[in-house]
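Below you'll find the structure, written out as structure tokens, and then a few comments.
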Amino acid sequence: MLLQSGEAYLSIPPTKAFNMINSTDGNVTAFSYASFAEFVAGSGIVLTFDYATNKIMFNSTAPTGSILLLSGNETDVSTTVSNTDTIVRTYSLGANNYSSIIIESEIEISYGLLSTPQDILLKIKDGGSTKETFTTHSLGQVGISSITAKVSFAQTNASTITITQSGAGTDANTNILIHSLRVYAVT
């Protein structure tokens with residue numbers, strides 16, 4: 001049986017075919033049963049087609065030592081000082097084979113007129129394990145203290161990365177503002 005499509009005649013395919021490829025970000029639909037979908041390898045990606053197994057393999061070609069941004073969360077999160085180690089920011093790291101993970105965050109401590117003069121501890125943790133501790137010292141006056149917190153460590157298992165804060169005493173007049181939490185992977 002022949003069907004007309006524009007000026008060309010197309011025959012019904014002799015085998016089963018698909019008309020749509022779905023993904024979490026959208027889909028690609030065939031224009032007709034005789035058309036095709038094209039996979040295009042983006043930067044750092046190699047596509048390998050295996051006709052015998054009916055599989056398409058997507059592989060990264062990022063060279064060893066390359067840095068990949070896994071998460072670039074730039075949303076502000078604010079809290080006041082607690083007298084216990086309290087989680088302010090989190091990131092769920094999946095199982096991987098990266099050589100190391102790099103965490104980076106910009107943080108501001110705002111001391112108000114009634115702030116308690118005390119050191120504030122900021123920690124970057126991998127699971128429950130503290131990887132780095134940053135101490136901000138009380139200004140003894142109204143103002144803002146800013147730090148960029150960075151740490152690097154190896155982690156190939158799934159893990160929750162956290163930024164925590166604490167002081168010697170709870171202080172509702174001292175504000176901690178975490179501007180970002182960036183997670184990088186080194187291949």
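FYI, nothing fancy with the structure tokens labels: chains A, B, ... in order, residues from 1 per chain, ligands from 1 as they appear.
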Test item: residues at most 6 Å from stretch 84-89 of chain A, only C-alpha atoms, excluding those fewer than 2 positions along its chain, as a list in words
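Counting only C-alpha atoms, the residues come to Ser82, Thr162, Ile163, Thr164, Gln165 and Ser166 of chain A.
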Using the chain letters and numbers from this document, which residues of chain A does DSSP assign to strand (DSSP E or B), as an MDAnalysis selection string?
chainID A and resid 2:5 8:11 20:23 26:29 45:50 55:60 67:73 77:81 86:93 100:111 120:126 129:136 143:153 159:167 171:178 181:186
Pick the closest to A:Ile67 from A:Asn173, A:Ser110, A:Thr29, A:Ser100: which is it, counting only C-alpha atoms?
A:Ser100
Here atom CA of A:Ser138 and atom CA of A:Ile109 stand apart by 9.2 Å
State, in Å with one decimal place, the distance from atom CA of A:Lys123 to atom CA of A:Ser105.
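If I compute the distance from atom CA of A:Lys123 to atom CA of A:Ser105, I get 10.9 Å.
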Pick out the closest residue to A:Thr160 from this set: A:Ser92, A:Ser115, A:Thr148, A:Thr187. Count only C-alpha atoms.
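So, comparing all the options, the nearest one is A:Ser92.
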Near stretch 69-74 of chain A, counting only C-alpha atoms, which residues have an atom at most 10 Å away, once you skip same-chain residues fewer than 2 positions from it, shown as a compact mmCIF listing (two decimals) with N, CA and C atoms, in the first residue's frame?
```txt
# COMPACT_ATOMS: atom_id res chain seq x y z
N ILE A 67 37.12 19.85 35.35
CA ILE A 67 36.22 20.20 36.43
C ILE A 67 34.82 20.37 35.86
N ASP A 76 19.78 32.44 48.06
CA ASP A 76 20.12 32.85 49.42
C ASP A 76 19.32 32.06 50.44
N VAL A 77 20.00 31.64 51.50
CA VAL A 77 19.36 30.99 52.65
C VAL A 77 19.84 31.71 53.89
N ARG A 89 22.38 24.39 54.61
CA ARG A 89 22.34 24.07 53.17
C ARG A 89 22.66 22.60 52.96
N TYR A 91 23.19 19.31 49.75
CA TYR A 91 23.27 18.83 48.37
C TYR A 91 23.41 17.33 48.43
N SER A 92 22.61 16.61 47.63
CA SER A 92 22.70 15.14 47.58
C SER A 92 23.62 14.73 46.44
N LEU A 93 24.76 14.20 46.79
CA LEU A 93 25.75 13.73 45.82
C LEU A 93 25.46 12.28 45.50
N ILE A 101 35.79 15.91 44.88
CA ILE A 101 34.64 16.81 44.90
C ILE A 101 35.13 18.12 45.52
N ILE A 102 34.70 19.24 44.93
CA ILE A 102 35.06 20.56 45.46
C ILE A 102 33.77 21.27 45.85
N ILE A 103 33.73 21.79 47.07
CA ILE A 103 32.58 22.54 47.58
C ILE A 103 33.01 23.99 47.76
N GLU A 104 32.14 24.93 47.36
CA GLU A 104 32.44 26.35 47.47
C GLU A 104 31.16 27.08 47.87
N SER A 105 31.30 28.04 48.78
CA SER A 105 30.13 28.79 49.26
C SER A 105 30.54 30.20 49.71
N GLU A 106 29.70 31.18 49.38
CA GLU A 106 29.89 32.54 49.88
C GLU A 106 28.92 32.76 51.04
N ILE A 178 23.76 32.50 53.65
CA ILE A 178 24.55 31.69 52.72
C ILE A 178 24.05 32.02 51.32
N HIS A 179 24.93 32.63 50.52
CA HIS A 179 24.56 33.08 49.19
C HIS A 179 24.58 31.96 48.16
N SER A 180 25.42 30.96 48.35
CA SER A 180 25.58 29.95 47.30
C SER A 180 26.08 28.64 47.87
N LEU A 181 25.85 27.59 47.13
CA LEU A 181 26.47 26.29 47.38
C LEU A 181 26.77 25.69 46.01
N ARG A 182 28.05 25.72 45.66
CA ARG A 182 28.47 25.15 44.38
C ARG A 182 29.21 23.84 44.63
N VAL A 183 28.87 22.83 43.83
CA VAL A 183 29.50 21.53 43.94
C VAL A 183 30.14 21.20 42.59
N TYR A 184 31.45 20.97 42.61
CA TYR A 184 32.20 20.63 41.41
C TYR A 184 32.74 19.21 41.54
N ALA A 185 32.95 18.57 40.40
CA ALA A 185 33.58 17.25 40.37
C ALA A 185 34.83 17.35 39.51
N VAL A 186 35.88 16.67 39.94
CA VAL A 186 37.12 16.58 39.17
C VAL A 186 37.19 15.17 38.59
```
From the options A:Thr136, A:Ser60, A:Thr79, A:Thr53, which residue's atoms come nearest to A:Pro117, counting only C-alpha atoms?
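Distance minimum relative to A:Pro117 lands on A:Thr136.
When atom CA of A:Leu114 is paired with atom CA of A:Ala149, their separation reads 26.3 Å.
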Need to verify the contact set: A:Lys131, 9 Å, only C-alpha atoms, exclusion of same-chain residues closer than 6 positions in sequence. Can you return it as a list of chain:residue names?
A:Lys123, A:Ile124, A:Lys125, A:Val151, A:Ser152, A:Phe153
